[in-house]
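Asker: Quick one: structure below, then a few questions.
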Amino acid sequence: MEQELTRWRHRNPTYAYVGAFVDELARCGVHNVVICPGSRSTPLAMTFTSHSAIRVWMHVDERSAAYFALGMAKRLQRPVALVCTSGTAAANFLPAVVEAKLTHVPLLVLTADRPHELRDNGAPQAIDQLRLYGTHVKWFVDVALPEATNAALRSIRTLACRASALTLAVPAGPVHLNMPFREPLMPDPIADQPLPPAAQRDAIAWEGRADNAPYVAVQDAALGALEPAQLVPLRDLLATTPQGLIVVGPGVPDAITQPLLQLARRLDYPVLADPLSQLRCGAHDRSLVLASYDAFLRLNAFTDKMVPRLVLRFGGMPTAKPLLLYLQRHAAVCRQVVVDAQSGWQEPTQLAEELIHADPVVFCQQLFAALAERQPSHSQAPTWLQTWLQVDLLTRQTLQAALQDFPRPFEGRVFTELAALSLSSLYVSNSMPVRDLDTFFWGSEHAVRIVGNRGANGIDGVVSSALGFSATGEQSERAVLVIGDLAFLHDLNGLLAARLHGLHLTIVLVNNDGGGIFSFLSQTQHPEHFEQLFGTPTGLDFAPAVQMYGGHFQHVESWEQFRSAVQQGLSGTGLHVVEVTTERDSNVAMHRQLWQAIEQTLVRRIPALQAA
């Protein structure tokens, strides 16, 4: 195939141009491309497929394909290319592009287009693709039409290097290149576009630099450390503020774990860790990591008396709404400091007094060292920390005990059951699953990678994202996706990727026949319209759809069956769907019973929460 690609490039100007572009992407580390079928994108598709250093993942549905690429790029933390033909195909990429922008995922979006003479004049399969994704991409280029000249080939190689590097540059995110092509689109010789004689070809422009080096080597310096003088005010504030919290949301680097926990230990601050922070699972010391705050921060008995004076927050805003309400409640007396690794503005509360753009790992290391010079004055009086830890432990114990007594299947128990299994990665859908994850997945000694699409918080494309994430894992790895029935329905086409590419994924389908999250909201106060507008039951049997895509479907009636079915999926191969059927109204009632049980336990057992 590589020889065939070389032959195309030396007989066809379009393929010389596209060949230089694809070759340069490979040199820059783009080794995976997701391609949707189409005619106008033929030069890109054939050239990518013929390159030995690039793996092609085909997907027939553009929306699912884009999310598949998103999940893969999340896993690799490297740019993944995404290719489609002209017209509305490109429009179907938009939801995943939005998610990539908000969560800093490196996507290189390549949309084929009609040449300029066929735009805005009624030509078929042509729409305005210029800046199609608006502000949802970091950079857009309407690429020049292919030419086999030295200048054009140098330009397209430079563009490949620049675009791929820009997807990773802080803040990481998607880049869109719109690439017009004239017919003929196949790699046959084109008589009216002769190639220049070999003697007139610039060797580097045509073949690239020696030793497979990129045409332009791009190096981005990491966010720098703060100057020592910049740390002094924050160090002094932390050293003299006993009632502090460290809050960690999604999107922090893996390397932050040890430096952050060392800092927490020096300060005697509890760590409120969102499940997507990756702090809840692993062999590291998790004694200061709290995982049930979504439950106990709902209780006035706690939030009235445990008043924070300082919050140091890393990453995106955590999922738990009770945490946001708690911070808003004490905004007048609680100072918030946000550390943002992407040079952005991850601060939706409008409460932060200080926003620091710095490498969070280096920041924690610097602050830890600075506090050695001024030992926190509150470190010998850790009542604040002990109360948080005791409340967290009692909350988990109360929840665990109460879950065993429910006669009906309870959605939150899905996560306590999964936490007891040996998972390697867990992808979680938005809506109710990610909220139950927050409340009921308290952690594991196993290094479970927990992932979700928490940028735009949509329920579309979740199946494809999970399959893309699992596609590049180790062969021995088995991933689990937890998803609701409406989100599953949104992306049934995504299941095709498992069949096409021989992927392994166990899907836990929580089927409450509709939008379960709305049963917790005020929309229930209008029962005459609730089911039609918000409950939206479909009454679907998903087994035939799963079987159509070559998957194994199993409906379970008990938690013993659930554990057995998930274990079968994890130890097997291919696609496994385990359905847990729940009932929306009873699920709400069970959640509220748990909050009442927690309040009774905490008020009885924690002296600090008892009325004066």
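In the structure tokens, chains take the letters A, B, ... in the order shown, each chain's residues start at 1, and ligands count up from 1 in the order shown.
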Contacts of range 531-540 of chain A at 8 Å or less, counting only C-alpha atoms, minus same-chain residues fewer than 6 places along, as an MDAnalysis selection string?

Answerer: chainID A and resid 513:516 518:519 523

Asker: Sorted by chain and rising residue number, list the residues of range 45-111 of chain A at most 10 Å from range 118-132 of chain A (counting only C-alpha atoms), each with its closest atom pair and distance in Å to one decimal, as CSV.

Answerer:
```
residue,atom,partner,partner_atom,distance
A:Thr85,CA,A:Gln125,CA,9.0
A:Ser86,CA,A:Ala126,CA,6.2
A:Gly87,CA,A:Ala126,CA,4.8
A:Thr88,CA,A:Ile127,CA,7.1
A:Ala89,CA,A:Gln125,CA,9.3
A:Ala90,CA,A:Gln129,CA,7.7
A:Ala91,CA,A:Leu132,CA,7.4
A:Phe93,CA,A:Leu132,CA,9.9
A:Leu94,CA,A:Leu132,CA,8.4
A:Thr111,CA,A:Gln129,CA,8.2
```

Asker: At a cut-off of 6 Å, using only C-alpha atoms, what residues contact range 299-306 of chain A? Leave out same-chain residues fewer than 2 positions from it and give the result as a PDB file with N, CA and C atoms, in the first residue's frame.

Answerer:
```pdb
ATOM      1  N   PHE A 296     -24.124  14.238  51.751  1.00  0.00           N
ATOM      2  CA  PHE A 296     -24.276  14.939  53.036  1.00  0.00           C
ATOM      3  C   PHE A 296     -24.311  16.457  52.919  1.00  0.00           C
ATOM      4  N   LEU A 297     -23.875  17.009  51.770  1.00  0.00           N
ATOM      5  CA  LEU A 297     -23.995  18.454  51.595  1.00  0.00           C
ATOM      6  C   LEU A 297     -25.435  18.890  51.291  1.00  0.00           C
ATOM      7  N   LEU A 609     -22.872  18.582  64.883  1.00  0.00           N
ATOM      8  CA  LEU A 609     -24.052  18.881  64.077  1.00  0.00           C
ATOM      9  C   LEU A 609     -25.330  18.950  64.904  1.00  0.00           C
TER      10      LEU A 609
END
```

Asker: Determine which residues of range 112-323 of chain A receive a DSSP assignment of alpha helix (DSSP H), computed from the backbone, and state them as a ChimeraX atom specification.

Answerer: /A:150-168,203-207,228-239,257-267,293-296,300-303,321-323

Asker: Only C-alpha atoms, please: the residues just picked out, written as a PDB file, in the first residue's frame.

Answerer:
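Below you can see selection.pdb, which holds the result:
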```pdb
ATOM      1  CA  ASN A 150       7.197  23.214  -4.552  1.00  0.00           C
ATOM      2  CA  ALA A 151       5.551  26.193  -2.864  1.00  0.00           C
ATOM      3  CA  ALA A 152       2.194  24.425  -2.454  1.00  0.00           C
ATOM      4  CA  LEU A 153       3.770  21.275  -1.027  1.00  0.00           C
ATOM      5  CA  ARG A 154       5.842  23.255   1.451  1.00  0.00           C
ATOM      6  CA  SER A 155       2.680  25.122   2.434  1.00  0.00           C
ATOM      7  CA  ILE A 156       0.572  21.999   2.984  1.00  0.00           C
ATOM      8  CA  ARG A 157       3.336  20.316   5.005  1.00  0.00           C
ATOM      9  CA  THR A 158       3.600  23.418   7.161  1.00  0.00           C
ATOM     10  CA  LEU A 159      -0.172  23.471   7.614  1.00  0.00           C
ATOM     11  CA  ALA A 160      -0.184  19.830   8.734  1.00  0.00           C
ATOM     12  CA  CYS A 161       2.467  20.533  11.361  1.00  0.00           C
ATOM     13  CA  ARG A 162       0.794  23.702  12.553  1.00  0.00           C
ATOM     14  CA  ALA A 163      -2.710  22.250  12.754  1.00  0.00           C
ATOM     15  CA  SER A 164      -1.728  19.067  14.575  1.00  0.00           C
ATOM     16  CA  ALA A 165       0.427  20.995  17.052  1.00  0.00           C
ATOM     17  CA  LEU A 166      -2.346  23.496  17.687  1.00  0.00           C
ATOM     18  CA  THR A 167      -4.772  20.772  18.769  1.00  0.00           C
ATOM     19  CA  LEU A 168      -2.404  20.100  21.699  1.00  0.00           C
ATOM     20  CA  ALA A 203      13.188  17.099  -2.598  1.00  0.00           C
ATOM     21  CA  ILE A 204      12.108  18.185   0.894  1.00  0.00           C
ATOM     22  CA  ALA A 205       8.807  19.613  -0.338  1.00  0.00           C
ATOM     23  CA  TRP A 206       7.991  16.404  -2.206  1.00  0.00           C
ATOM     24  CA  GLU A 207       9.408  13.748   0.124  1.00  0.00           C
ATOM     25  CA  PRO A 228       8.271  32.713  44.701  1.00  0.00           C
ATOM     26  CA  ALA A 229       6.929  36.155  45.530  1.00  0.00           C
ATOM     27  CA  GLN A 230       3.607  35.273  43.920  1.00  0.00           C
ATOM     28  CA  LEU A 231       3.202  32.309  46.262  1.00  0.00           C
ATOM     29  CA  VAL A 232       3.785  34.193  49.508  1.00  0.00           C
ATOM     30  CA  PRO A 233       0.293  35.745  49.940  1.00  0.00           C
ATOM     31  CA  LEU A 234      -1.453  32.443  49.195  1.00  0.00           C
ATOM     32  CA  ARG A 235       0.954  30.510  51.423  1.00  0.00           C
ATOM     33  CA  ASP A 236       0.308  32.877  54.311  1.00  0.00           C
ATOM     34  CA  LEU A 237      -3.448  32.701  53.760  1.00  0.00           C
ATOM     35  CA  LEU A 238      -3.440  28.902  53.749  1.00  0.00           C
ATOM     36  CA  ALA A 239      -1.157  28.727  56.769  1.00  0.00           C
ATOM     37  CA  THR A 257      -2.314  12.917  42.632  1.00  0.00           C
ATOM     38  CA  GLN A 258       0.691  12.675  44.937  1.00  0.00           C
ATOM     39  CA  PRO A 259       1.624  16.401  45.066  1.00  0.00           C
ATOM     40  CA  LEU A 260      -1.978  17.392  45.768  1.00  0.00           C
ATOM     41  CA  LEU A 261      -2.487  14.814  48.507  1.00  0.00           C
ATOM     42  CA  GLN A 262       0.793  15.839  50.142  1.00  0.00           C
ATOM     43  CA  LEU A 263      -0.415  19.427  50.117  1.00  0.00           C
ATOM     44  CA  ALA A 264      -3.748  18.396  51.636  1.00  0.00           C
ATOM     45  CA  ARG A 265      -1.983  16.494  54.380  1.00  0.00           C
ATOM     46  CA  ARG A 266       0.219  19.473  55.237  1.00  0.00           C
ATOM     47  CA  LEU A 267      -2.828  21.741  55.417  1.00  0.00           C
ATOM     48  CA  TYR A 293     -20.177  14.815  49.807  1.00  0.00           C
ATOM     49  CA  ASP A 294     -22.940  14.938  47.185  1.00  0.00           C
ATOM     50  CA  ALA A 295     -25.120  13.190  49.760  1.00  0.00           C
ATOM     51  CA  PHE A 296     -24.276  14.939  53.036  1.00  0.00           C
ATOM     52  CA  ASN A 300     -28.787  21.830  56.488  1.00  0.00           C
ATOM     53  CA  ALA A 301     -27.555  20.358  59.765  1.00  0.00           C
ATOM     54  CA  PHE A 302     -24.132  20.039  58.124  1.00  0.00           C
ATOM     55  CA  THR A 303     -23.987  23.037  55.800  1.00  0.00           C
ATOM     56  CA  LYS A 321     -24.926  20.500  42.610  1.00  0.00           C
ATOM     57  CA  PRO A 322     -25.070  20.380  46.447  1.00  0.00           C
ATOM     58  CA  LEU A 323     -21.401  21.417  46.450  1.00  0.00           C
TER      59      LEU A 323
END
```

Asker: Can you tell me, as a PyMOL selection string, what residues are no more than 12 Å from Pro194 in chain A when counting only C-alpha atoms, ignoring any on the same chain fewer than 4 positions away?

Answerer: chain A and resi 10-14+16+147-149+188-190+198

Asker: Selection from above, C-alpha atoms, as a PDB file, in the first residue's frame, can you write it?

Answerer:
```pdb
ATOM      1  CA  HIS A  10       4.131  10.873  -8.536  1.00  0.00           C
ATOM      2  CA  ARG A  11       1.447  10.811 -11.208  1.00  0.00           C
ATOM      3  CA  ASN A  12      -1.411  12.954  -9.839  1.00  0.00           C
ATOM      4  CA  PRO A  13      -1.118  16.543  -8.517  1.00  0.00           C
ATOM      5  CA  THR A  14      -4.023  16.127  -6.067  1.00  0.00           C
ATOM      6  CA  ALA A  16       0.982  14.632  -4.426  1.00  0.00           C
ATOM      7  CA  GLU A 147      -1.275  21.956  -6.520  1.00  0.00           C
ATOM      8  CA  ALA A 148       1.850  19.956  -7.221  1.00  0.00           C
ATOM      9  CA  THR A 149       4.300  22.843  -6.918  1.00  0.00           C
ATOM     10  CA  ASP A 188      -5.378   8.405 -11.977  1.00  0.00           C
ATOM     11  CA  PRO A 189      -3.034  10.670 -13.987  1.00  0.00           C
ATOM     12  CA  ILE A 190      -4.589  14.033 -14.862  1.00  0.00           C
ATOM     13  CA  ALA A 198      11.791  15.563 -11.426  1.00  0.00           C
TER      14      ALA A 198
END
```

Asker: From a DSSP calculation on the backbone, collect every residue of range 323-563 of chain A in strand (DSSP E) and output the set as number ranges by chain.

Answerer: A: 335-340, 354-357, 425-428, 449-451, 479-484, 505-511, 552-556

Asker: Now that the selection is made, can you save its residues with C-alpha atoms as a PDB file, in the first residue's frame?

Answerer:
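Wrote it out as out_26.pdb, contents follow:
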```pdb
ATOM      1  CA  ARG A 335     -12.499  32.833  49.597  1.00  0.00           C
ATOM      2  CA  GLN A 336     -12.130  30.733  46.446  1.00  0.00           C
ATOM      3  CA  VAL A 337      -8.888  30.230  44.518  1.00  0.00           C
ATOM      4  CA  VAL A 338      -9.065  28.379  41.185  1.00  0.00           C
ATOM      5  CA  VAL A 339      -6.042  26.809  39.469  1.00  0.00           C
ATOM      6  CA  ASP A 340      -6.633  26.384  35.719  1.00  0.00           C
ATOM      7  CA  GLU A 354      -8.300  34.552  42.430  1.00  0.00           C
ATOM      8  CA  LEU A 355      -7.688  32.517  39.255  1.00  0.00           C
ATOM      9  CA  ILE A 356      -4.207  31.097  38.713  1.00  0.00           C
ATOM     10  CA  HIS A 357      -2.970  29.893  35.335  1.00  0.00           C
ATOM     11  CA  SER A 425     -12.034   1.892  32.898  1.00  0.00           C
ATOM     12  CA  LEU A 426     -15.554   3.164  33.444  1.00  0.00           C
ATOM     13  CA  TYR A 427     -17.297   5.491  30.982  1.00  0.00           C
ATOM     14  CA  VAL A 428     -20.423   7.131  32.375  1.00  0.00           C
ATOM     15  CA  ARG A 449     -10.081   5.232  34.899  1.00  0.00           C
ATOM     16  CA  ILE A 450     -13.425   7.078  35.089  1.00  0.00           C
ATOM     17  CA  VAL A 451     -14.429   9.126  32.056  1.00  0.00           C
ATOM     18  CA  ALA A 479     -14.176  -1.255  29.836  1.00  0.00           C
ATOM     19  CA  VAL A 480     -17.674  -0.670  31.191  1.00  0.00           C
ATOM     20  CA  LEU A 481     -20.145   1.986  30.051  1.00  0.00           C
ATOM     21  CA  VAL A 482     -23.119   2.920  32.249  1.00  0.00           C
ATOM     22  CA  ILE A 483     -25.864   4.621  30.274  1.00  0.00           C
ATOM     23  CA  GLY A 484     -29.595   5.385  30.458  1.00  0.00           C
ATOM     24  CA  LEU A 505     -17.222  -3.135  25.723  1.00  0.00           C
ATOM     25  CA  THR A 506     -19.639  -4.068  28.482  1.00  0.00           C
ATOM     26  CA  ILE A 507     -22.612  -1.698  28.598  1.00  0.00           C
ATOM     27  CA  VAL A 508     -24.792  -1.433  31.688  1.00  0.00           C
ATOM     28  CA  LEU A 509     -28.118  -0.149  30.375  1.00  0.00           C
ATOM     29  CA  VAL A 510     -30.206   1.460  33.121  1.00  0.00           C
ATOM     30  CA  ASN A 511     -33.665   1.356  31.580  1.00  0.00           C
ATOM     31  CA  HIS A 552     -24.910 -10.079  23.493  1.00  0.00           C
ATOM     32  CA  PHE A 553     -27.945  -8.841  25.436  1.00  0.00           C
ATOM     33  CA  GLN A 554     -28.909  -9.957  28.931  1.00  0.00           C
ATOM     34  CA  HIS A 555     -31.722  -8.639  31.126  1.00  0.00           C
ATOM     35  CA  VAL A 556     -31.086  -9.159  34.843  1.00  0.00           C
TER      36      VAL A 556
END
```

Asker: For Phe562 in chain A, please output as a list in words all residues within 8 Å (counting only C-alpha atoms; exclusion window: fewer than 4 positions along the same chain).

Answerer: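 Selected residues are Val556, Glu557, Ser558, Val566, Val578 and Val580 of chain A.
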
Asker: Kindly export the residues of the current selection with all heavy atoms, as a tab-separated table (two decimals), in the first residue's frame.

Answerer:
```
chain	number	residue	atom	x	y	z
A	556	VAL	N	-31.30	-8.56	33.52
A	556	VAL	CA	-31.09	-9.16	34.84
A	556	VAL	C	-32.20	-8.73	35.79
A	556	VAL	O	-32.74	-7.63	35.69
A	556	VAL	CB	-29.71	-8.77	35.42
A	556	VAL	CG1	-28.60	-9.32	34.55
A	556	VAL	CG2	-29.58	-7.26	35.59
A	557	GLU	N	-32.54	-9.63	36.71
A	557	GLU	CA	-33.62	-9.38	37.67
A	557	GLU	C	-33.11	-9.21	39.09
A	557	GLU	O	-33.87	-8.79	39.98
A	557	GLU	CB	-34.61	-10.55	37.63
A	557	GLU	CG	-35.30	-10.75	36.29
A	557	GLU	CD	-36.37	-9.71	36.02
A	557	GLU	OE1	-36.70	-8.94	36.95
A	557	GLU	OE2	-36.86	-9.65	34.87
A	558	SER	N	-31.86	-9.54	39.36
A	558	SER	CA	-31.32	-9.46	40.72
A	558	SER	C	-29.88	-8.97	40.66
A	558	SER	O	-29.23	-8.99	39.60
A	558	SER	CB	-31.35	-10.84	41.39
A	558	SER	OG	-30.43	-11.72	40.77
A	566	VAL	N	-22.14	-8.89	34.36
A	566	VAL	CA	-21.04	-7.96	34.12
A	566	VAL	C	-19.71	-8.70	34.08
A	566	VAL	O	-18.85	-8.42	33.22
A	566	VAL	CB	-21.03	-6.85	35.19
A	566	VAL	CG1	-19.78	-5.98	35.03
A	566	VAL	CG2	-22.28	-6.00	35.08
A	578	VAL	N	-25.89	-5.33	29.45
A	578	VAL	CA	-26.58	-5.85	30.63
A	578	VAL	C	-27.64	-4.83	31.02
A	578	VAL	O	-27.33	-3.71	31.40
A	578	VAL	CB	-25.59	-6.06	31.79
A	578	VAL	CG1	-26.33	-6.60	33.02
A	578	VAL	CG2	-24.47	-7.01	31.38
A	580	VAL	N	-30.62	-3.30	33.28
A	580	VAL	CA	-31.24	-3.23	34.60
A	580	VAL	C	-32.49	-2.36	34.47
A	580	VAL	O	-32.38	-1.18	34.13
A	580	VAL	CB	-30.28	-2.62	35.65
A	580	VAL	CG1	-30.96	-2.55	37.01
A	580	VAL	CG2	-28.98	-3.41	35.72
```
